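structure-v8.txt follows; it contains compact mmCIF, C-alpha atoms.
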```
# COMPACT_ATOMS: atom_id res chain seq x y z
CA MET K 1031 0.00 0.00 0.00
CA LYS K 1032 1.25 3.49 -0.85
CA GLU K 1033 2.29 5.75 2.02
CA PRO K 1034 -0.55 8.24 2.72
CA ILE K 1035 0.26 11.98 2.76
CA LYS K 1036 0.76 13.11 6.37
CA LYS K 1037 1.52 16.81 6.02
CA VAL K 1038 1.21 19.53 3.38
CA SER K 1039 2.83 22.94 3.30
CA ILE K 1040 0.95 25.19 0.88
CA VAL K 1041 2.39 28.41 -0.55
CA VAL K 1042 -0.07 31.05 -1.80
CA SER K 1043 1.77 33.56 -4.00
CA ARG K 1044 -1.00 35.32 -5.91
CA GLY K 1045 -3.45 37.95 -4.74
CA SER K 1046 -6.36 37.57 -7.16
CA LEU K 1047 -9.46 35.75 -5.97
CA GLU K 1048 -8.76 32.82 -8.30
CA GLY K 1049 -5.14 32.89 -7.18
CA VAL K 1050 -5.98 32.57 -3.49
CA TYR K 1051 -8.83 30.05 -3.36
CA PRO K 1052 -7.09 26.90 -4.67
CA GLY K 1053 -4.58 27.03 -1.81
CA LEU K 1054 -7.32 27.64 0.76
CA ILE K 1055 -9.46 24.79 -0.55
CA MET K 1056 -6.47 22.45 -0.52
CA ALA K 1057 -5.50 23.43 3.03
CA ASN K 1058 -9.04 22.99 4.30
CA GLY K 1059 -9.40 19.72 2.40
CA ALA K 1060 -6.19 18.44 3.94
CA ARG K 1061 -7.44 19.13 7.48
CA MET K 1062 -10.76 17.47 6.63
CA GLU K 1063 -8.80 14.34 5.72
CA GLY K 1064 -6.81 14.48 8.92
CA ILE K 1065 -3.67 15.66 7.10
CA GLU K 1066 -1.50 18.19 8.94
CA ALA K 1067 -1.45 21.49 7.03
CA GLN K 1068 0.22 24.87 7.02
CA LEU K 1069 -0.29 27.88 4.78
CA PHE K 1070 2.48 30.31 3.80
CA PHE K 1071 1.41 33.58 2.16
CA THR K 1072 3.98 35.37 0.03
CA PHE K 1073 4.09 38.30 -2.45
CA PHE K 1074 0.55 39.37 -3.41
CA GLY K 1075 -0.80 36.20 -1.86
CA LEU K 1076 -0.24 38.02 1.42
CA TYR K 1077 -3.31 40.15 0.61
CA ALA K 1078 -5.49 37.18 1.60
CA VAL K 1079 -4.48 37.69 5.24
CA LEU K 1080 -4.21 41.50 5.33
CA GLU K 1081 -7.05 43.05 7.34
CA LYS K 1082 -7.60 45.85 4.84
CA LYS K 1083 -7.36 43.75 1.68
CA MET K 1084 -8.77 40.30 2.38
CA ASP K 1085 -12.43 41.23 1.85
CA LYS K 1086 -11.67 43.02 -1.42
CA LEU K 1087 -9.86 40.42 -3.52
CA LYS K 1088 -10.93 40.41 -7.18
CA VAL K 1089 -10.97 38.05 -10.13
CA ALA K 1090 -8.42 39.15 -12.76
CA THR K 1091 -10.23 39.79 -16.05
CA VAL K 1092 -7.12 40.93 -17.93
CA GLY K 1093 -4.22 38.65 -18.82
CA ASN K 1094 -6.31 35.53 -18.53
CA PRO K 1095 -6.95 34.00 -21.98
CA ALA K 1096 -9.10 31.27 -20.39
CA MET K 1097 -11.63 33.83 -19.08
CA CYS K 1098 -15.02 33.20 -20.70
CA VAL K 1099 -18.46 34.74 -20.11
CA PRO K 1100 -20.83 34.00 -18.53
CA ASP K 1101 -19.22 30.67 -17.66
CA ALA K 1102 -16.56 28.21 -18.82
CA MET K 1103 -18.52 27.13 -21.92
CA GLY K 1104 -19.25 30.70 -23.06
CA PRO K 1105 -17.19 32.75 -25.56
CA GLY K 1106 -13.81 34.13 -24.50
CA LEU K 1107 -13.62 37.60 -22.98
CA PRO K 1108 -11.32 39.77 -25.15
CA THR K 1109 -8.51 41.38 -23.18
CA TRP K 1110 -9.66 44.93 -24.02
CA MET K 1111 -13.13 44.15 -22.66
CA GLY K 1112 -11.64 42.83 -19.46
CA ALA K 1113 -10.08 46.25 -18.98
CA ILE K 1114 -13.46 48.07 -18.97
CA PRO K 1115 -14.09 49.59 -15.53
CA GLY K 1116 -16.36 47.37 -13.47
CA MET K 1117 -15.47 44.19 -15.36
CA SER K 1118 -13.35 42.75 -12.57
CA TRP K 1119 -16.03 43.70 -10.06
CA TYR K 1120 -18.65 41.94 -12.17
CA ALA K 1121 -16.60 38.76 -12.66
CA THR K 1122 -15.84 38.72 -8.95
CA SER K 1123 -19.47 39.01 -7.92
CA MET K 1124 -20.44 36.23 -10.36
CA MET K 1125 -17.75 33.93 -9.02
CA LYS K 1126 -18.63 34.68 -5.38
CA LYS K 1127 -22.27 33.84 -6.10
CA GLU K 1128 -21.30 30.47 -7.56
CA MET K 1129 -18.98 29.77 -4.64
CA GLU K 1130 -21.69 30.56 -2.11
CA LYS K 1131 -23.90 27.97 -3.83
CA LEU K 1132 -21.18 25.37 -3.22
CA ASP K 1133 -20.84 26.52 0.40
CA ILE K 1134 -17.33 27.90 -0.21
CA PRO K 1135 -16.96 30.71 2.35
CA PRO K 1136 -15.66 34.24 1.69
CA VAL K 1137 -11.88 34.63 2.24
CA ARG K 1138 -12.06 35.96 5.81
CA GLU K 1139 -14.45 33.28 7.00
CA PHE K 1140 -12.47 30.60 5.17
CA ILE K 1141 -9.21 31.70 6.83
CA GLU K 1142 -10.92 31.56 10.25
CA MET K 1143 -12.34 28.12 9.49
CA ILE K 1144 -9.01 26.75 8.27
CA HIS K 1145 -7.17 28.15 11.29
CA ASP K 1146 -9.76 26.74 13.69
CA ALA K 1147 -9.32 23.40 11.91
CA GLY K 1148 -5.72 23.41 13.12
CA CYS K 1149 -3.87 24.72 10.06
CA GLU K 1150 -0.98 27.05 10.90
CA ILE K 1151 -0.85 30.32 8.95
CA TYR K 1152 2.34 32.24 8.17
CA GLY K 1153 3.29 35.43 6.36
CA CYS K 1154 6.48 35.85 4.35
CA LYS K 1155 9.11 38.08 5.97
CA ALA K 1156 10.66 39.25 2.69
CA THR K 1157 7.27 40.41 1.40
CA VAL K 1158 6.40 42.09 4.69
CA ASP K 1159 9.63 44.11 4.46
CA MET K 1160 9.20 44.86 0.78
CA PHE K 1161 5.57 46.04 1.20
CA HIS K 1162 6.38 48.00 4.44
CA LEU K 1163 3.96 45.92 6.52
CA SER K 1164 4.00 44.79 10.13
CA LYS K 1165 2.26 42.08 12.17
CA LYS K 1166 -0.55 44.49 13.10
CA ASP K 1167 -1.64 44.71 9.44
CA PHE K 1168 -2.62 41.05 9.47
CA CYS K 1169 -5.80 39.28 10.49
CA PRO K 1170 -5.50 37.57 13.91
CA GLN K 1171 -5.22 34.10 12.38
CA VAL K 1172 -1.67 34.75 11.16
CA ASP K 1173 0.50 32.84 13.62
CA ALA K 1174 3.80 34.50 12.68
CA VAL K 1175 5.79 36.25 10.01
CA ILE K 1176 8.66 33.94 9.08
CA THR K 1177 11.68 33.80 6.79
CA VAL K 1178 11.99 31.36 3.93
CA GLY K 1179 14.47 29.39 6.05
CA GLU K 1180 11.93 29.05 8.84
CA PHE K 1181 9.35 28.06 6.26
CA TYR K 1182 11.52 25.12 5.21
CA GLU K 1183 12.16 24.17 8.85
CA LYS K 1184 8.43 24.15 9.55
CA SER K 1185 7.81 22.15 6.37
CA ALA K 1186 9.92 19.23 7.60
CA GLY K 1187 8.28 16.00 6.51
CA ALA K 1188 5.67 17.86 4.44
CA GLN K 1189 4.81 17.93 0.77
CA ILE K 1190 5.30 21.53 -0.41
CA ILE K 1191 2.62 22.81 -2.78
CA PHE K 1192 3.16 26.12 -4.59
CA THR K 1193 0.12 27.98 -5.88
CA MET X 628 -24.40 -8.07 16.16
CA SER X 629 -20.98 -8.50 14.65
CA GLU X 630 -19.09 -6.49 12.04
CA LEU X 631 -19.46 -9.36 9.63
CA THR X 632 -23.23 -9.07 9.45
CA LEU X 633 -23.22 -5.49 8.12
CA ALA X 634 -22.60 -4.93 4.42
CA ARG X 635 -20.04 -2.22 3.62
CA ASP X 636 -19.30 -0.05 0.60
CA ALA X 637 -15.81 0.38 -0.93
CA ASP X 638 -14.93 3.04 1.69
CA GLY X 639 -15.89 0.80 4.60
CA ASN X 640 -19.07 2.78 5.29
CA LEU X 641 -22.39 1.01 5.73
CA ALA X 642 -23.81 -0.11 2.40
CA ASN X 643 -27.40 -0.08 3.66
CA LYS X 644 -28.60 2.86 5.66
CA ALA X 645 -31.30 0.65 7.14
CA ASP X 646 -28.64 -1.36 9.00
CA TRP X 647 -27.79 1.66 11.14
CA ASN X 648 -28.82 1.97 14.78
CA GLU X 649 -27.18 3.25 17.97
CA GLU X 650 -25.35 -0.01 18.50
CA ALA X 651 -23.99 0.07 14.94
CA ALA X 652 -22.93 3.69 15.47
CA LEU X 653 -20.88 2.73 18.50
CA MET X 654 -19.24 -0.12 16.62
CA LEU X 655 -18.37 2.18 13.70
CA ALA X 656 -17.05 4.81 16.13
CA LYS X 657 -14.72 2.25 17.69
CA GLU X 658 -13.37 1.40 14.24
CA GLU X 659 -12.49 5.09 13.91
CA GLY X 660 -10.75 5.14 17.27
CA ILE X 661 -13.62 6.85 19.12
CA GLU X 662 -14.51 4.87 22.23
CA LEU X 663 -17.42 6.91 23.48
CA LEU X 664 -20.34 8.63 21.78
CA ASN X 665 -21.10 11.52 24.10
CA GLU X 666 -23.93 14.02 23.78
CA ARG X 667 -21.90 16.45 21.62
CA ARG X 668 -20.92 13.71 19.18
CA TRP X 669 -24.57 12.71 18.91
CA VAL X 670 -25.46 16.31 18.01
CA VAL X 671 -23.12 16.03 15.01
CA ILE X 672 -24.26 12.53 14.04
CA ASN X 673 -27.95 13.41 14.22
CA PHE X 674 -27.41 16.63 12.27
CA MET X 675 -25.57 14.72 9.55
CA ARG X 676 -28.38 12.20 9.27
CA LYS X 677 -30.98 14.94 9.12
CA VAL X 678 -29.19 16.80 6.29
CA PHE X 679 -28.62 13.54 4.41
CA GLU X 680 -32.35 12.81 4.55
CA GLU X 681 -33.07 16.24 3.04
CA LYS X 682 -30.27 16.57 0.47
CA GLY X 683 -28.92 13.11 -0.25
CA ASP X 684 -25.43 14.12 0.86
CA ALA X 685 -23.76 14.86 4.18
CA PRO X 686 -23.44 18.60 5.02
CA SER X 687 -20.25 20.57 4.39
CA ILE X 688 -18.17 21.40 7.46
CA ARG X 689 -19.27 25.00 7.02
CA ARG X 690 -22.97 24.16 7.13
CA LEU X 691 -22.43 21.74 9.97
CA THR X 692 -20.65 24.30 12.12
CA LYS X 693 -23.12 27.07 11.25
CA GLU X 694 -26.27 25.13 11.98
CA SER X 695 -25.51 22.38 14.48
CA GLY X 696 -24.15 24.57 17.29
CA ILE X 697 -20.76 22.81 17.20
CA ASN X 698 -17.95 25.13 16.09
CA THR X 699 -15.00 24.15 13.90
CA LYS X 700 -12.53 23.73 16.76
CA GLU X 701 -14.88 21.52 18.76
CA LEU X 702 -15.77 19.49 15.68
CA TYR X 703 -12.10 18.66 15.07
CA GLU X 704 -11.72 17.76 18.75
CA LEU X 705 -14.78 15.49 18.71
CA PHE X 706 -13.69 13.67 15.56
CA PRO X 707 -9.90 13.92 15.38
CA GLY X 708 -8.29 13.14 12.04
CA GLY X 709 -11.04 13.95 9.55
CA PRO X 710 -14.33 15.10 11.06
CA ALA X 711 -16.68 15.03 8.06
CA LYS X 712 -15.57 11.63 6.84
CA LYS X 713 -15.57 10.04 10.31
CA ALA X 714 -18.87 11.52 11.44
CA ALA X 715 -20.52 10.41 8.20
CA LYS X 716 -19.25 6.88 8.67
CA ILE X 717 -20.46 6.71 12.27
CA ALA X 718 -23.81 8.14 11.17
CA GLY X 719 -24.17 5.21 8.78
CA LEU X 720 -23.87 7.42 5.70
CA PRO X 721 -21.62 7.18 2.64
CA LYS X 722 -18.45 9.32 2.45
CA PRO X 723 -19.41 13.00 1.85
CA LYS X 724 -19.16 14.11 -1.79
CA GLY X 725 -18.33 17.80 -1.27
CA CYS X 726 -14.87 19.40 -1.20
CA ILE X 727 -15.56 21.96 1.52
```

Can you present the structure in this file as structure tokens?
Amino acid sequence: MKEPIKKVSIVVSRGSLEGVYPGLIMANGARMEGIEAQLFFTFFGLYAVLEKKMDKLKVATVGNPAMCVPDAMGPGLPTWMGAIPGMSWYATSMMKKEMEKLDIPPVREFIEMIHDAGCEIYGCKATVDMFHLSKKDFCPQVDAVITVGEFYEKSAGAQIIFT
Amino acid sequence: MSELTLARDADGNLANKADWNEEAALMLAKEEGIELLNERRWVVINFMRKVFEEKGDAPSIRRLTKESGINTKELYELFPGGPAKKAAKIAGLPKPKGCI
């Protein structure tokens, strides 16, 4: 029998709504399966745990050739149309509506749920310095701001997943 | 009643919901390493059965924690190592289909 996965260490590096959710769903899913999990937010991914940003994440409608309207089987959204003011807002509200139907919580609630489920949550020190942030800018679920070295230490025995 | 008399599906959950009763629940709980079904665990089990009756699938963890009165932390303490999957099994239901 193959060795089951015991621990995952998930890196979230992007700050768009569609960039953040896969990592959150995987972390939550790991805990649901009894797999130890930790989340590490870096670069714009850090916005998912910033008090002032986490409720305002948007779907990127520009630079995504897979973007179709109104859903995956619809025609592609031309890049210039994606740039029209309000487009990102509209795509975001559509996606949030679909997620609510599937019982996928908004980012803040999801972070709370994942943390309560026993997943540790870390911010990236290099990004914090680069973006001039401090611990007080984060939501309370962030356990610590750590260096990449500490990230590897904490990931001992884990599968590392980069999103 | 012995384990052998109850038909199982591929996941080891009960194949026939009709086979389930309190005694079966306790036996299934022991298989999952839970020795005692206390009042709080019964709240979860009964809620799961109720939602399954209505929807044909076990509730998501989010719905369970919002509506059953058991919060996420407690749920993970009551069913360590995979709450939704374990509670569904003990409740005599198939493995939940949702991702959340």

Can you check which residues of chain X have any atom within 9 Å of chain K? Use all atoms listed in the file and format it as a ChimeraX atom specification.
/X:687-690,698-703,707-712,725-727

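Only residues having an atom at most 10 Å from (-24.0, 13.7, 2.4) are included; using all atoms listed in the file, these are Met675, Arg676, Lys677, Val678, Phe679, Glu680, Glu681, Lys682, Gly683, Asp684, Ala685, Pro686, Ser687, Ala711, Lys712, Ala715, Leu720, Pro721, Lys722, Pro723, Lys724 and Gly725 of chain X.
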
Would you list the contacts of K:Ile1040 as a list in words, taking every protein, DNA or RNA residue within 8 Å and counting all atoms listed in the file, but skipping same-chain residues closer than 6 positions in sequence?
Gly1053, Ala1057, Ala1067, Gln1068, Leu1069, Phe1070, Ile1190, Ile1191, Phe1192 and Thr1193 of chain K

When you look at X:Phe674 with a cut-off of 9 Å (counting only C-alpha atoms), what residues show up, excluding the ones that are within fewer than 6 positions of it in the same chain? I need them as an MDAnalysis selection string.
chainID X and resid 686 691 694:695

Print the selection's residues with C-alpha atoms to a file, as a compact mmCIF listing (two decimals), in the frame of the given file.
```
# COMPACT_ATOMS: atom_id res chain seq x y z
CA PRO X 686 -23.44 18.60 5.02
CA LEU X 691 -22.43 21.74 9.97
CA GLU X 694 -26.27 25.13 11.98
CA SER X 695 -25.51 22.38 14.48
```

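Proximity of K:Met1129, K:Lys1166, K:Leu1107, K:Phe1071 to K:Gly1153, computed with only C-alpha atoms, is greatest for K:Phe1071.
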
Show which residues sit within 10 Å of X:Leu664, as a CSV table (one decimal) with C-alpha atoms, in the frame of the given file. Count only C-alpha atoms, and ignore same-chain residues fewer than 2 positions away.
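This went into part-v4.csv:
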```csv
chain,number,residue,atom,x,y,z
X,649,GLU,CA,-27.2,3.2,18.0
X,652,ALA,CA,-22.9,3.7,15.5
X,653,LEU,CA,-20.9,2.7,18.5
X,656,ALA,CA,-17.0,4.8,16.1
X,657,LYS,CA,-14.7,2.2,17.7
X,661,ILE,CA,-13.6,6.8,19.1
X,662,GLU,CA,-14.5,4.9,22.2
X,666,GLU,CA,-23.9,14.0,23.8
X,667,ARG,CA,-21.9,16.4,21.6
X,668,ARG,CA,-20.9,13.7,19.2
X,669,TRP,CA,-24.6,12.7,18.9
X,670,VAL,CA,-25.5,16.3,18.0
X,672,ILE,CA,-24.3,12.5,14.0
X,705,LEU,CA,-14.8,15.5,18.7
X,717,ILE,CA,-20.5,6.7,12.3
```

Please write as an NGL selection string the list of polymer residues whose atoms come within 12 Å of (-4.0, 43.1, 4.0), counting all atoms listed in the file and keeping to the coordinates of the file.
:K and (1045 or 1071-1087 or 1137-1138 or 1153 or 1157-1158 or 1161-1170 or 1172)

Output stretch 670-688 of chain X as a PDB file, in the coordinates of the input, making sure N, CA, C and O atoms are there.
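As written to disk, result26.pdb reads:
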```
ATOM      1  N   VAL X 670     -24.933  15.122  18.688  1.00  0.00           N
ATOM      2  CA  VAL X 670     -25.460  16.310  18.010  1.00  0.00           C
ATOM      3  C   VAL X 670     -24.989  16.310  16.558  1.00  0.00           C
ATOM      4  O   VAL X 670     -25.771  16.514  15.623  1.00  0.00           O
ATOM      5  N   VAL X 671     -23.694  16.044  16.354  1.00  0.00           N
ATOM      6  CA  VAL X 671     -23.120  16.030  15.010  1.00  0.00           C
ATOM      7  C   VAL X 671     -23.724  14.890  14.175  1.00  0.00           C
ATOM      8  O   VAL X 671     -24.166  15.081  13.046  1.00  0.00           O
ATOM      9  N   ILE X 672     -23.763  13.703  14.771  1.00  0.00           N
ATOM     10  CA  ILE X 672     -24.260  12.530  14.040  1.00  0.00           C
ATOM     11  C   ILE X 672     -25.717  12.731  13.613  1.00  0.00           C
ATOM     12  O   ILE X 672     -26.080  12.492  12.462  1.00  0.00           O
ATOM     13  N   ASN X 673     -26.537  13.203  14.544  1.00  0.00           N
ATOM     14  CA  ASN X 673     -27.950  13.410  14.220  1.00  0.00           C
ATOM     15  C   ASN X 673     -28.148  14.494  13.174  1.00  0.00           C
ATOM     16  O   ASN X 673     -28.999  14.381  12.290  1.00  0.00           O
ATOM     17  N   PHE X 674     -27.314  15.560  13.261  1.00  0.00           N
ATOM     18  CA  PHE X 674     -27.410  16.630  12.270  1.00  0.00           C
ATOM     19  C   PHE X 674     -27.038  16.096  10.882  1.00  0.00           C
ATOM     20  O   PHE X 674     -27.692  16.380   9.882  1.00  0.00           O
ATOM     21  N   MET X 675     -25.996  15.285  10.831  1.00  0.00           N
ATOM     22  CA  MET X 675     -25.570  14.720   9.550  1.00  0.00           C
ATOM     23  C   MET X 675     -26.666  13.852   8.940  1.00  0.00           C
ATOM     24  O   MET X 675     -26.946  13.921   7.746  1.00  0.00           O
ATOM     25  N   ARG X 676     -27.303  13.066   9.769  1.00  0.00           N
ATOM     26  CA  ARG X 676     -28.380  12.200   9.270  1.00  0.00           C
ATOM     27  C   ARG X 676     -29.566  13.016   8.772  1.00  0.00           C
ATOM     28  O   ARG X 676     -30.172  12.707   7.755  1.00  0.00           O
ATOM     29  N   LYS X 677     -29.846  14.090   9.497  1.00  0.00           N
ATOM     30  CA  LYS X 677     -30.980  14.940   9.120  1.00  0.00           C
ATOM     31  C   LYS X 677     -30.718  15.584   7.744  1.00  0.00           C
ATOM     32  O   LYS X 677     -31.584  15.556   6.865  1.00  0.00           O
ATOM     33  N   VAL X 678     -29.511  16.148   7.564  1.00  0.00           N
ATOM     34  CA  VAL X 678     -29.190  16.800   6.290  1.00  0.00           C
ATOM     35  C   VAL X 678     -29.170  15.767   5.159  1.00  0.00           C
ATOM     36  O   VAL X 678     -29.646  16.030   4.053  1.00  0.00           O
ATOM     37  N   PHE X 679     -28.661  14.582   5.450  1.00  0.00           N
ATOM     38  CA  PHE X 679     -28.620  13.540   4.410  1.00  0.00           C
ATOM     39  C   PHE X 679     -30.029  13.182   3.940  1.00  0.00           C
ATOM     40  O   PHE X 679     -30.273  12.991   2.750  1.00  0.00           O
ATOM     41  N   GLU X 680     -30.959  13.098   4.894  1.00  0.00           N
ATOM     42  CA  GLU X 680     -32.350  12.810   4.550  1.00  0.00           C
ATOM     43  C   GLU X 680     -32.899  13.855   3.586  1.00  0.00           C
ATOM     44  O   GLU X 680     -33.600  13.540   2.630  1.00  0.00           O
ATOM     45  N   GLU X 681     -32.540  15.136   3.849  1.00  0.00           N
ATOM     46  CA  GLU X 681     -33.070  16.240   3.040  1.00  0.00           C
ATOM     47  C   GLU X 681     -32.392  16.353   1.686  1.00  0.00           C
ATOM     48  O   GLU X 681     -33.031  16.588   0.668  1.00  0.00           O
ATOM     49  N   LYS X 682     -31.047  16.205   1.676  1.00  0.00           N
ATOM     50  CA  LYS X 682     -30.270  16.570   0.470  1.00  0.00           C
ATOM     51  C   LYS X 682     -29.636  15.394  -0.251  1.00  0.00           C
ATOM     52  O   LYS X 682     -29.108  15.562  -1.340  1.00  0.00           O
ATOM     53  N   GLY X 683     -29.574  14.248   0.386  1.00  0.00           N
ATOM     54  CA  GLY X 683     -28.920  13.110  -0.250  1.00  0.00           C
ATOM     55  C   GLY X 683     -27.410  13.142  -0.163  1.00  0.00           C
ATOM     56  O   GLY X 683     -26.723  12.368  -0.810  1.00  0.00           O
ATOM     57  N   ASP X 684     -26.876  14.087   0.609  1.00  0.00           N
ATOM     58  CA  ASP X 684     -25.430  14.120   0.860  1.00  0.00           C
ATOM     59  C   ASP X 684     -25.207  14.692   2.254  1.00  0.00           C
ATOM     60  O   ASP X 684     -26.055  15.424   2.771  1.00  0.00           O
ATOM     61  N   ALA X 685     -24.082  14.330   2.849  1.00  0.00           N
ATOM     62  CA  ALA X 685     -23.760  14.860   4.180  1.00  0.00           C
ATOM     63  C   ALA X 685     -23.484  16.363   4.044  1.00  0.00           C
ATOM     64  O   ALA X 685     -23.084  16.827   2.981  1.00  0.00           O
ATOM     65  N   PRO X 686     -23.686  17.154   5.116  1.00  0.00           N
ATOM     66  CA  PRO X 686     -23.440  18.600   5.020  1.00  0.00           C
ATOM     67  C   PRO X 686     -21.950  18.905   4.912  1.00  0.00           C
ATOM     68  O   PRO X 686     -21.116  18.099   5.314  1.00  0.00           O
ATOM     69  N   SER X 687     -21.636  20.091   4.370  1.00  0.00           N
ATOM     70  CA  SER X 687     -20.250  20.570   4.390  1.00  0.00           C
ATOM     71  C   SER X 687     -19.899  20.914   5.826  1.00  0.00           C
ATOM     72  O   SER X 687     -20.785  21.120   6.658  1.00  0.00           O
ATOM     73  N   ILE X 688     -18.605  21.013   6.109  1.00  0.00           N
ATOM     74  CA  ILE X 688     -18.170  21.400   7.460  1.00  0.00           C
ATOM     75  C   ILE X 688     -18.714  22.783   7.784  1.00  0.00           C
ATOM     76  O   ILE X 688     -19.112  23.066   8.904  1.00  0.00           O
TER      77      ILE X 688
END
```
